[in-house]
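Raw contents of final.tsv, TSV, C-alpha atoms and all ligand atoms:
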```
chain	number	residue	atom	x	y	z
A	7	MET	CA	56.18	98.51	62.23
A	8	THR	CA	57.06	101.18	64.74
A	9	LYS	CA	60.59	102.29	65.37
A	10	ARG	CA	60.49	100.84	68.86
A	11	ILE	CA	59.71	97.35	67.61
A	12	GLU	CA	62.36	97.63	64.88
A	13	TRP	CA	64.93	98.47	67.52
A	14	ARG	CA	63.84	95.65	69.75
A	15	ARG	CA	63.98	93.22	66.84
A	16	ALA	CA	67.43	94.47	65.85
A	17	GLY	CA	68.53	94.05	69.46
A	18	ILE	CA	67.25	90.49	69.63
A	19	LEU	CA	68.91	89.64	66.31
A	20	LEU	CA	72.18	91.13	67.51
A	21	MET	CA	71.94	89.25	70.80
A	22	MET	CA	71.21	86.01	69.00
A	23	SER	CA	74.19	86.43	66.71
A	24	VAL	CA	76.46	87.22	69.64
A	25	ILE	CA	75.21	84.13	71.46
A	26	ALA	CA	75.55	82.06	68.29
A	27	LEU	CA	79.09	83.31	67.81
A	28	SER	CA	80.16	82.54	71.36
A	29	ALA	CA	78.49	79.15	71.20
A	30	CYS	CA	80.21	78.45	67.88
A	31	ARG	CA	83.58	79.31	69.31
A	32	ASP	CA	83.19	76.91	72.22
A	33	GLU	CA	81.30	74.12	70.53
A	34	PRO	CA	81.88	74.00	66.80
A	35	GLY	CA	78.84	73.00	64.79
A	36	ARG	CA	76.37	73.57	67.62
A	37	GLY	CA	75.62	77.23	67.17
A	38	ASP	CA	71.88	76.85	67.60
A	39	GLY	CA	71.56	79.65	70.12
A	40	ARG	CA	70.21	77.41	72.88
A	41	ARG	CA	73.38	76.56	74.70
A	42	ILE	CA	73.73	79.77	76.62
A	43	ASP	CA	74.17	78.52	80.17
A	44	ARG	CA	77.45	80.36	80.53
A	45	PRO	CA	77.53	82.19	83.88
A	46	SER	CA	81.02	83.46	83.15
A	47	LEU	CA	79.61	85.76	80.46
A	48	GLY	CA	77.62	87.77	83.01
A	49	SER	CA	74.60	89.66	81.72
A	50	LYS	CA	73.26	89.49	78.18
A	51	SER	CA	75.66	92.06	76.73
A	52	ALA	CA	78.17	93.50	79.15
A	53	ALA	CA	78.56	97.15	78.22
A	54	VAL	CA	79.31	100.43	79.88
A	55	ARG	CA	78.81	104.03	78.91
A	56	VAL	CA	81.24	106.83	79.62
A	57	VAL	CA	79.56	110.03	80.75
A	58	SER	CA	81.55	113.22	80.62
A	59	ALA	CA	80.60	116.77	81.43
A	60	ALA	CA	83.31	118.12	79.12
A	61	GLU	CA	82.60	116.67	75.69
A	62	GLY	CA	84.47	119.35	73.83
A	63	THR	CA	87.92	120.63	74.42
A	64	LEU	CA	89.90	120.86	77.61
A	65	LEU	CA	92.85	123.08	78.37
A	66	TYR	CA	96.14	121.64	79.48
A	67	GLY	CA	96.17	121.84	83.27
A	68	ASP	CA	92.46	120.93	83.53
A	69	THR	CA	91.40	117.64	85.07
A	70	ILE	CA	89.69	115.08	82.84
A	71	ARG	CA	86.54	113.96	84.66
A	72	PHE	CA	83.97	111.35	83.73
A	73	TYR	CA	82.09	108.45	85.19
A	74	VAL	CA	81.49	105.00	83.91
A	75	GLU	CA	78.22	103.12	84.39
A	76	PRO	CA	76.79	99.83	83.15
A	77	VAL	CA	74.37	100.09	80.23
A	78	ASN	CA	72.18	97.32	81.70
A	79	ASP	CA	70.54	97.98	85.04
A	80	GLU	CA	71.16	94.43	86.26
A	81	ASP	CA	74.93	94.83	85.90
A	82	SER	CA	76.98	96.22	88.72
A	83	LEU	CA	80.34	97.83	88.42
A	84	ILE	CA	83.21	96.18	90.28
A	85	SER	CA	86.02	98.45	89.11
A	86	VAL	CA	87.19	100.65	86.25
A	87	LYS	CA	90.73	101.04	84.96
A	88	VAL	CA	91.69	103.88	82.64
A	89	SER	CA	94.90	103.83	80.63
A	90	MET	CA	96.45	105.59	77.64
A	91	ALA	CA	95.08	103.77	74.59
A	92	GLU	CA	98.38	103.64	72.72
A	93	SER	CA	100.83	102.74	75.47
A	94	ARG	CA	98.39	101.10	77.96
A	95	ARG	CA	100.00	103.17	80.71
A	96	LEU	CA	97.61	103.03	83.70
A	97	LEU	CA	96.22	106.42	84.73
A	98	ALA	CA	93.39	105.76	87.15
A	99	GLU	CA	91.44	103.01	88.85
A	100	ASP	CA	88.17	103.41	90.73
A	101	ALA	CA	85.58	101.01	92.11
A	102	GLY	CA	82.74	103.50	91.81
A	103	GLY	CA	83.57	104.40	88.22
A	104	HIS	CA	84.29	108.04	89.01
A	105	ILE	CA	87.44	109.07	87.20
A	106	ALA	CA	89.53	112.22	87.59
A	107	ILE	CA	92.83	112.44	85.73
A	108	PRO	CA	94.95	115.61	85.76
A	109	SER	CA	95.87	116.39	82.14
A	110	GLU	CA	99.50	116.63	83.21
A	111	GLN	CA	99.31	112.83	83.36
A	112	THR	CA	97.93	112.39	79.85
A	113	GLY	CA	99.72	115.21	78.08
A	114	GLY	CA	97.88	117.30	75.53
A	115	GLY	CA	96.76	116.92	71.94
A	116	LYS	CA	94.36	114.15	70.94
A	117	VAL	CA	94.21	112.03	74.07
A	118	ARG	CA	92.70	108.60	73.58
A	119	LEU	CA	91.80	106.78	76.77
A	120	ARG	CA	91.09	103.10	77.16
A	121	VAL	CA	88.39	102.31	79.72
A	122	ASP	CA	88.34	98.74	81.03
A	123	ALA	CA	85.34	97.92	83.21
A	124	ASP	CA	84.98	94.85	85.40
A	125	LEU	CA	81.28	94.00	85.80
A	126	GLY	CA	81.79	90.94	87.99
A	127	GLU	CA	81.37	87.23	87.31
A	128	GLY	CA	83.93	87.46	84.55
A	129	ALA	CA	82.02	90.07	82.56
A	130	ARG	CA	84.12	92.88	81.16
A	131	ALA	CA	83.49	95.83	78.93
A	132	LEU	CA	85.86	97.98	76.95
A	133	ARG	CA	85.30	101.54	75.75
A	134	TYR	CA	87.53	104.22	74.27
A	135	LYS	CA	87.10	107.89	74.99
A	136	GLU	CA	88.84	110.75	73.21
A	137	PHE	CA	89.55	114.24	74.46
A	138	THR	CA	91.29	117.13	72.74
A	139	ILE	CA	93.51	119.00	75.12
A	140	LYS	CA	94.89	122.33	73.97
A	141	ALA	CA	97.45	124.65	75.48
A	142	ALA	CA	95.98	127.53	77.44
A	143	GLU	CA	98.26	129.96	75.62
A	144	ALA	CA	99.75	130.28	72.15
A	145	PRO	CA	103.51	129.66	71.91
A	146	ARG	CA	105.79	132.65	72.03
A	147	GLU	CA	106.74	133.67	68.48
A	148	TRP	CA	110.23	134.38	67.24
A	149	SER	CA	112.02	135.06	63.98
A	150	PHE	CA	115.69	134.44	63.24
A	151	GLU	CA	118.56	136.85	62.91
A	152	VAL	CA	121.27	135.34	60.68
A	153	LEU	CA	124.70	135.66	62.28
A	154	ARG	CA	126.90	133.62	59.91
A	155	ARG	CA	126.58	131.43	56.84
A	156	PHE	CA	128.44	128.18	56.28
A	157	PRO	CA	128.60	126.14	53.05
A	158	HIS	CA	126.26	123.15	52.71
A	159	ASP	CA	126.46	120.49	49.98
A	160	LYS	CA	123.43	121.20	47.81
A	161	THR	CA	123.32	117.56	46.69
A	162	SER	CA	122.44	116.60	50.28
A	163	PHE	CA	118.79	115.76	50.91
A	164	THR	CA	119.21	116.57	54.59
A	165	GLN	CA	117.37	114.33	57.06
A	166	GLY	CA	119.57	114.45	60.14
A	167	LEU	CA	121.94	117.15	61.37
A	168	LEU	CA	123.90	117.36	64.58
A	169	VAL	CA	127.16	118.49	66.12
A	170	HIS	CA	129.23	116.03	68.13
A	171	ASP	CA	132.69	116.69	69.62
A	172	GLY	CA	133.06	119.78	67.47
A	173	TYR	CA	132.17	118.12	64.15
A	174	LEU	CA	129.07	118.29	62.03
A	175	TYR	CA	127.30	115.02	61.19
A	176	GLU	CA	124.65	114.75	58.51
A	177	GLY	CA	122.36	111.95	57.38
A	178	THR	CA	120.70	112.27	53.98
A	179	GLY	CA	117.74	110.61	52.31
A	180	ASN	CA	116.33	109.58	48.94
A	181	LYS	CA	117.16	106.19	47.47
A	182	GLY	CA	120.60	106.18	45.91
A	183	GLU	CA	121.51	109.43	47.71
A	184	SER	CA	121.34	108.23	51.31
A	185	ARG	CA	124.53	108.50	53.34
A	186	ILE	CA	126.05	109.66	56.59
A	187	ARG	CA	128.89	112.14	56.74
A	188	LYS	CA	131.26	113.71	59.23
A	189	MET	CA	132.31	117.24	58.31
A	190	GLU	CA	134.01	120.39	59.50
A	191	VAL	CA	131.29	122.73	60.75
A	192	GLU	CA	132.51	125.95	59.17
A	193	THR	CA	133.98	124.70	55.86
A	194	GLY	CA	131.73	121.72	55.16
A	195	LYS	CA	134.84	119.67	54.31
A	196	VAL	CA	133.91	115.97	54.33
A	197	LEU	CA	136.13	113.99	56.72
A	198	MET	CA	134.32	110.64	56.62
A	199	GLU	CA	131.42	109.17	54.68
A	200	HIS	CA	129.32	106.02	54.50
A	201	GLU	CA	126.95	105.38	51.59
A	202	MET	CA	123.84	103.33	52.24
A	203	ASP	CA	122.57	100.57	49.99
A	204	SER	CA	120.69	102.09	47.05
A	205	ASP	CA	117.35	100.63	48.16
A	206	MET	CA	117.54	102.41	51.52
A	207	PHE	CA	115.99	105.81	52.28
A	208	GLY	CA	117.91	107.34	55.16
A	209	GLU	CA	116.24	109.58	57.72
A	210	GLY	CA	117.23	111.08	61.08
A	211	ILE	CA	120.50	110.40	62.89
A	212	THR	CA	121.78	110.87	66.42
A	213	ILE	CA	124.96	109.99	68.31
A	214	PHE	CA	124.52	108.35	71.70
A	215	GLY	CA	127.71	107.23	73.46
A	216	ASP	CA	130.09	105.97	70.80
A	217	LYS	CA	127.35	104.88	68.39
A	218	LEU	CA	125.59	106.68	65.60
A	219	TYR	CA	121.93	105.66	65.24
A	220	GLN	CA	120.00	106.17	62.03
A	221	VAL	CA	116.38	105.54	61.07
A	222	THR	CA	114.88	104.93	57.64
A	223	TYR	CA	111.75	106.31	56.02
A	224	LYS	CA	109.42	103.32	55.52
A	225	SER	CA	111.53	100.21	56.20
A	226	ALA	CA	111.16	100.40	60.04
A	227	ILE	CA	114.85	99.41	60.19
A	228	GLY	CA	117.40	101.45	62.05
A	229	PHE	CA	121.14	101.15	61.64
A	230	ILE	CA	123.87	101.47	64.24
A	231	TYR	CA	127.37	102.57	63.32
A	232	ASP	CA	130.62	102.96	65.22
A	233	VAL	CA	131.07	106.72	65.37
A	234	GLU	CA	134.86	106.36	64.95
A	235	ASP	CA	134.82	104.77	61.49
A	236	PHE	CA	131.13	104.46	60.42
A	237	SER	CA	131.41	100.67	60.36
A	238	LYS	CA	127.98	99.11	60.79
A	239	VAL	CA	127.70	97.40	64.17
A	240	GLY	CA	124.02	96.57	64.33
A	241	GLU	CA	120.42	97.09	63.33
A	242	TRP	CA	117.26	97.84	65.28
A	243	THR	CA	113.57	98.09	64.60
A	244	TYR	CA	110.90	100.47	65.81
A	245	ALA	CA	107.12	100.54	65.73
A	246	THR	CA	105.63	104.01	65.32
A	247	TYR	CA	102.11	105.33	64.80
A	248	THR	CA	102.73	105.99	61.09
A	249	GLY	CA	105.11	103.04	60.66
A	250	GLU	CA	107.75	105.50	59.50
A	251	GLY	CA	110.96	106.94	60.86
A	252	TRP	CA	111.59	110.67	60.42
A	253	GLY	CA	113.74	112.59	62.90
A	254	LEU	CA	116.05	111.38	65.64
A	255	THR	CA	117.79	112.94	68.63
A	256	HIS	CA	118.41	111.90	72.26
A	257	ASN	CA	118.39	113.05	75.87
A	258	ASP	CA	120.52	111.60	78.69
A	259	THR	CA	118.80	108.23	78.68
A	260	ALA	CA	116.80	107.73	75.49
A	261	LEU	CA	116.74	108.07	71.74
A	262	ILE	CA	113.90	110.40	70.70
A	263	LEU	CA	112.15	109.56	67.42
A	264	SER	CA	109.58	111.38	65.28
A	265	ASP	CA	107.38	109.70	62.67
A	266	GLY	CA	105.67	112.55	60.81
A	267	SER	CA	102.79	112.72	63.29
A	268	ALA	CA	102.61	114.73	66.53
A	269	TRP	CA	104.08	111.80	68.50
A	270	LEU	CA	107.63	111.63	69.82
A	271	TYR	CA	108.89	108.28	71.10
A	272	PHE	CA	111.50	107.76	73.81
A	273	ILE	CA	113.45	104.59	73.05
A	274	ASP	CA	116.01	102.72	75.13
A	275	PRO	CA	119.29	102.89	73.13
A	276	HIS	CA	120.31	99.39	74.24
A	277	THR	CA	117.12	97.28	74.33
A	278	PHE	CA	115.12	99.49	71.90
A	279	ALA	CA	112.09	99.16	74.16
A	280	GLU	CA	109.76	102.16	74.12
A	281	LEU	CA	110.22	104.04	77.40
A	282	GLY	CA	107.46	106.54	76.80
A	283	ARG	CA	105.94	108.92	74.31
A	284	ILE	CA	104.62	112.45	74.20
A	285	GLN	CA	102.42	114.31	71.77
A	286	ALA	CA	103.36	117.83	70.68
A	287	PHE	CA	100.47	120.25	71.14
A	288	ASP	CA	99.77	123.95	71.22
A	289	HIS	CA	96.71	126.19	71.67
A	290	ARG	CA	95.14	124.69	68.53
A	291	GLY	CA	95.64	121.01	69.43
A	292	PRO	CA	98.20	118.45	68.22
A	293	VAL	CA	101.20	119.76	66.25
A	294	ASP	CA	101.97	117.11	63.66
A	295	ARG	CA	104.45	116.58	60.81
A	296	LEU	CA	107.36	116.85	63.26
A	297	ASN	CA	110.51	116.12	61.30
A	298	GLU	CA	114.19	116.70	62.09
A	299	LEU	CA	114.90	117.03	65.82
A	300	GLU	CA	117.40	118.42	68.26
A	301	TYR	CA	117.30	118.05	72.05
A	302	ARG	CA	118.78	120.52	74.49
A	303	ASP	CA	118.12	121.16	78.19
A	304	GLY	CA	114.68	119.60	78.45
A	305	THR	CA	113.48	120.99	75.12
A	306	ILE	CA	113.00	119.18	71.83
A	307	TYR	CA	113.34	121.39	68.76
A	308	ALA	CA	111.54	120.11	65.68
A	309	ASN	CA	111.06	121.22	62.09
A	310	VAL	CA	107.43	121.15	61.07
A	311	TYR	CA	107.53	119.45	57.66
A	312	THR	CA	106.77	121.68	54.63
A	313	SER	CA	106.64	124.79	56.79
A	314	THR	CA	109.29	127.35	57.71
A	315	HIS	CA	108.56	126.71	61.38
A	316	ILE	CA	110.61	125.21	64.14
A	317	VAL	CA	108.79	124.44	67.37
A	318	ALA	CA	110.33	124.15	70.83
A	319	ILE	CA	108.55	121.34	72.67
A	320	ASP	CA	108.71	120.67	76.40
A	321	ALA	CA	110.21	117.18	76.51
A	322	GLY	CA	108.15	116.23	79.57
A	323	SER	CA	104.66	117.32	78.55
A	324	GLY	CA	104.75	117.87	74.78
A	325	LEU	CA	103.65	121.49	75.25
A	326	VAL	CA	104.95	123.75	72.45
A	327	ARG	CA	106.38	126.76	74.24
A	328	HIS	CA	108.08	128.59	71.37
A	329	LEU	CA	107.49	128.93	67.65
A	330	TYR	CA	110.39	130.08	65.47
A	331	SER	CA	109.76	131.26	61.93
A	332	ALA	CA	112.57	131.01	59.38
A	333	ARG	CA	110.58	133.07	56.90
A	334	GLY	CA	112.88	135.70	55.42
A	335	MET	CA	116.00	133.92	56.69
A	336	VAL	CA	117.09	132.83	53.20
A	337	ASP	CA	118.19	135.72	51.02
A	338	ARG	CA	116.71	135.85	47.52
A	339	SER	CA	120.21	135.41	46.04
A	340	GLU	CA	120.61	132.14	47.99
A	341	ILE	CA	117.58	130.43	46.48
A	342	THR	CA	118.54	127.66	44.06
A	343	ALA	CA	116.45	125.73	41.53
A	344	GLY	CA	116.47	122.37	43.35
A	345	MET	CA	115.98	123.75	46.84
A	346	ASP	CA	113.51	121.77	48.95
A	347	VAL	CA	112.05	122.30	52.45
A	348	LEU	CA	113.79	123.48	55.59
A	349	ASN	CA	115.09	120.46	57.52
A	350	GLY	CA	118.02	120.20	59.89
A	351	ILE	CA	118.66	121.68	63.32
A	352	ALA	CA	121.94	121.49	65.23
A	353	PHE	CA	123.80	123.71	67.67
A	354	HIS	CA	127.15	125.34	66.93
A	355	PRO	CA	129.82	123.76	69.16
A	356	LEU	CA	131.36	127.05	70.30
A	357	SER	CA	128.71	129.76	70.06
A	358	GLY	CA	125.81	127.49	71.07
A	359	HIS	CA	123.63	129.17	68.45
A	360	MET	CA	121.23	127.21	66.32
A	361	LEU	CA	122.42	125.93	62.93
A	362	ILE	CA	119.67	125.51	60.35
A	363	THR	CA	119.64	124.17	56.82
A	364	GLY	CA	117.34	122.34	54.42
A	365	LYS	CA	117.15	119.66	51.77
A	366	TYR	CA	119.39	120.56	48.83
A	367	TRP	CA	120.20	123.94	50.40
A	368	LYS	CA	123.62	125.45	49.69
A	369	ILE	CA	123.94	127.19	53.06
A	370	ILE	CA	123.80	126.37	56.75
A	371	TYR	CA	122.61	129.40	58.72
A	372	GLU	CA	123.84	130.20	62.19
A	373	VAL	CA	120.97	132.07	63.77
A	374	ARG	CA	119.83	133.79	66.93
A	375	PRO	CA	116.14	134.01	67.84
A	376	ARG	CA	114.64	137.48	67.83
A	377	MET	CA	111.29	138.25	69.39
A	378	LYS	CA	108.70	139.06	66.77
A	379	ASP	CA	107.58	142.67	66.54
A	380	SER	CA	110.58	143.93	68.44
B	1	CA	CA	119.30	117.54	64.62
```

As a first step, turn the structure in this file into structure tokens.
Ligand SMILES: [Ca+2]
Amino acid sequence: MTKRIEWRRAGILLMMSVIALSACRDEPGRGDGRRIDRPSLGSKSAAVRVVSAAEGTLLYGDTIRFYVEPVNDEDSLISVKVSMAESRRLLAEDAGGHIAIPSEQTGGGKVRLRVDADLGEGARALRYKEFTIKAAEAPREWSFEVLRRFPHDKTSFTQGLLVHDGYLYEGTGNKGESRIRKMEVETGKVLMEHEMDSDMFGEGITIFGDKLYQVTYKSAIGFIYDVEDFSKVGEWTYATYTGEGWGLTHNDTALILSDGSAWLYFIDPHTFAELGRIQAFDHRGPVDRLNELEYRDGTIYANVYTSTHIVAIDAGSGLVRHLYSARGMVDRSEITAGMDVLNGIAFHPLSGHMLITGKYWKIIYEVRPRMKDS
């Protein structure tokens, strides 16, 4: 048997099973393959192909271009809609199937597009197309100059750190060790504390209005507390790419959540609807393992989990503009046996400098960025 005949036979078998399946669905028990007078299905197997000149990698700022055409000659294209696969946000629509989308509209990283084609007479086809979009330039690199050191409770498995109205707030993780605290910034003196149930693994925190929001590691449950007394006033849920909650911060209108991937989610603090999402990316592609967060002036600062890096991400596009290395920031004498990874970014209420600590670290460092090799 030649290859050609094998293919044809496979095609016929596939067609027959598709027909049998659709017949079965409509008329149980009569899947004999003969009842195929269904004009609404269009041609034998409605399908389109996506043809792109740029199969490899695009640079942020480029335009994503491709065209969509029916696989079967007898099909005609009525229209094509292209949307972001994850959010279904519509990006482009064209009757001729010629698509051009500026990458500013998709953001960078691994961009997955959903292509919905209308082939007329009720026939539709769905394809997905992936592009990797990298930054044209590497982020600017910085190290940290330590200005001051403040005490940090080395029993705190830090997951969330922020300054609000002059006080330091911290959320910690690990089951049995998860809590939220209000403290004096420079002494670490604990002014208020709430311990979570021992089966809960606390993650990032943020304060929006008069509420403190907290996420949890794998439970997909968030908690809401009154910032005045830490009394629990509500719960919320979130659906992320990894199913996990990691870091939390906010801008003027939305909570901003990380989940250990390169995605950052913008969430309405009242309805908890997702308002949008961005993917962090640099000149190499997506920047994942984003952990503790801090937002300031259009920039999201994020720890990259297990590294000594903090990235500064443009909150509109996801573009990583700056890369800060904390390597060498911790003095040899400050290293303790139980010390875990760097995690925790806040800003000092008076100086405006960055405050950085880590899980089970004994010090919070007030730092100023210094250009590398200067
Ligand atoms: Ca923070």

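Between ligand CA 1 (chain B) and the candidates A:Ile362, A:Leu167, A:Met335, A:Ala141, the tightest atom-to-atom separation, counting all atoms listed in the file, involves A:Leu167.
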
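Taking CA of His104 in chain A and CA of Ile70 in chain A as the two end points, the separation is 10.8 Å.
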
Need the shell around range 178-188 of chain A: protein/DNA/RNA residues with any atom at most 7 Å away, counting only C-alpha atoms. Skip same-chain ones fewer than 5 positions apart. Format as a PDB file with C-alpha atoms, keeping the file's coordinate frame?
```
ATOM      1  CA  SER A 162     122.440 116.600  50.280  1.00  0.00           C
ATOM      2  CA  PHE A 163     118.790 115.760  50.910  1.00  0.00           C
ATOM      3  CA  THR A 164     119.210 116.570  54.590  1.00  0.00           C
ATOM      4  CA  GLN A 165     117.370 114.330  57.060  1.00  0.00           C
ATOM      5  CA  GLY A 166     119.570 114.450  60.140  1.00  0.00           C
ATOM      6  CA  TYR A 173     132.170 118.120  64.150  1.00  0.00           C
ATOM      7  CA  VAL A 196     133.910 115.970  54.330  1.00  0.00           C
ATOM      8  CA  LEU A 197     136.130 113.990  56.720  1.00  0.00           C
ATOM      9  CA  MET A 198     134.320 110.640  56.620  1.00  0.00           C
ATOM     10  CA  GLU A 199     131.420 109.170  54.680  1.00  0.00           C
ATOM     11  CA  HIS A 200     129.320 106.020  54.500  1.00  0.00           C
ATOM     12  CA  GLU A 201     126.950 105.380  51.590  1.00  0.00           C
ATOM     13  CA  MET A 202     123.840 103.330  52.240  1.00  0.00           C
ATOM     14  CA  SER A 204     120.690 102.090  47.050  1.00  0.00           C
ATOM     15  CA  ASP A 205     117.350 100.630  48.160  1.00  0.00           C
ATOM     16  CA  MET A 206     117.540 102.410  51.520  1.00  0.00           C
ATOM     17  CA  PHE A 207     115.990 105.810  52.280  1.00  0.00           C
ATOM     18  CA  GLY A 208     117.910 107.340  55.160  1.00  0.00           C
ATOM     19  CA  GLU A 209     116.240 109.580  57.720  1.00  0.00           C
TER      20      GLU A 209
END
```

Using only C-alpha atoms, find all polymer residues with an atom at most 12 Å away from the point (100.1, 103.1, 62.9); report them as JSON, numbers by chain. {"A": [92, 224, 226, 244, 245, 246, 247, 248, 249, 250, 251, 265, 266, 267, 269]}

Shell around Tyr134 in chain A at 9 Å using all atoms listed in the file, local window under 4 positions removed, as a ChimeraX atom specification: /A:56,91,118-122

Can I get the selection written as an mmCIF file, in the coordinates of the input, with C-alpha atoms?
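Saved as out_25.cif:
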```cif
data_model
loop_
_atom_site.group_PDB
_atom_site.id
_atom_site.type_symbol
_atom_site.label_atom_id
_atom_site.label_comp_id
_atom_site.auth_asym_id
_atom_site.auth_seq_id
_atom_site.Cartn_x
_atom_site.Cartn_y
_atom_site.Cartn_z
ATOM 1 C CA VAL A 56 81.240 106.830 79.620
ATOM 2 C CA ALA A 91 95.080 103.770 74.590
ATOM 3 C CA ARG A 118 92.700 108.600 73.580
ATOM 4 C CA LEU A 119 91.800 106.780 76.770
ATOM 5 C CA ARG A 120 91.090 103.100 77.160
ATOM 6 C CA VAL A 121 88.390 102.310 79.720
ATOM 7 C CA ASP A 122 88.340 98.740 81.030
#
```

Mind listing the residues within 9 Å of ligand CA 1 (chain B), only C-alpha atoms and all ligand atoms counted, as a list in words? Gln165, Gly166, Leu167, Leu168, Val169, Glu176, Gly210, Ile211, Thr212, Gly253, Leu254, Thr255, Glu298, Leu299, Glu300, Tyr301, Tyr307, Ala308, Asn349, Gly350, Ile351, Ala352 and Phe353 of chain A

For Gly114 in chain A, which residue out of A:Val293, A:Val77, A:Val152, A:Ile213 is the nearest one, using all atoms listed in the file? A:Val293

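For the choices A:Arg146, A:Arg283, A:Arg333, A:Arg133, the atom-to-atom distance to Ile262 in chain A is smallest for A:Arg283 when using all atoms listed in the file.
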
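Distance check against Ser85 in chain A using only C-alpha atoms: of A:Val117, A:Leu64, A:Ala123, A:Val54, the minimum falls on A:Ala123.
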
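As for CA of Lys160 in chain A and CA of Glu372 in chain A, they are spaced 17.0 Å apart.
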
What separates CA of Val326 in chain A and CA of Asp303 in chain A is a distance of 14.6 Å

Report as lines of an AutoDock Vina configuration file the centre and the edge lengths, in Å to one decimal, of the axis-aligned box holding every listed atom of range 191-208 of chain A, padded by 3 Å on each side.
```
center_x = 126.1
center_y = 113.3
center_z = 53.9
size_x = 26.1
size_y = 31.4
size_z = 19.7
```

Restricting the calculation to only C-alpha atoms, which member of A:Leu261, A:Thr312, A:Val191, A:Ser237 is positioned closest to Val221 in chain A? A:Leu261

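The smallest atom-to-atom distance between Gly115 in chain A and any of A:Pro292, A:Gly364, A:Pro275, A:Pro157, using all atoms listed in the file, is found for A:Pro292.
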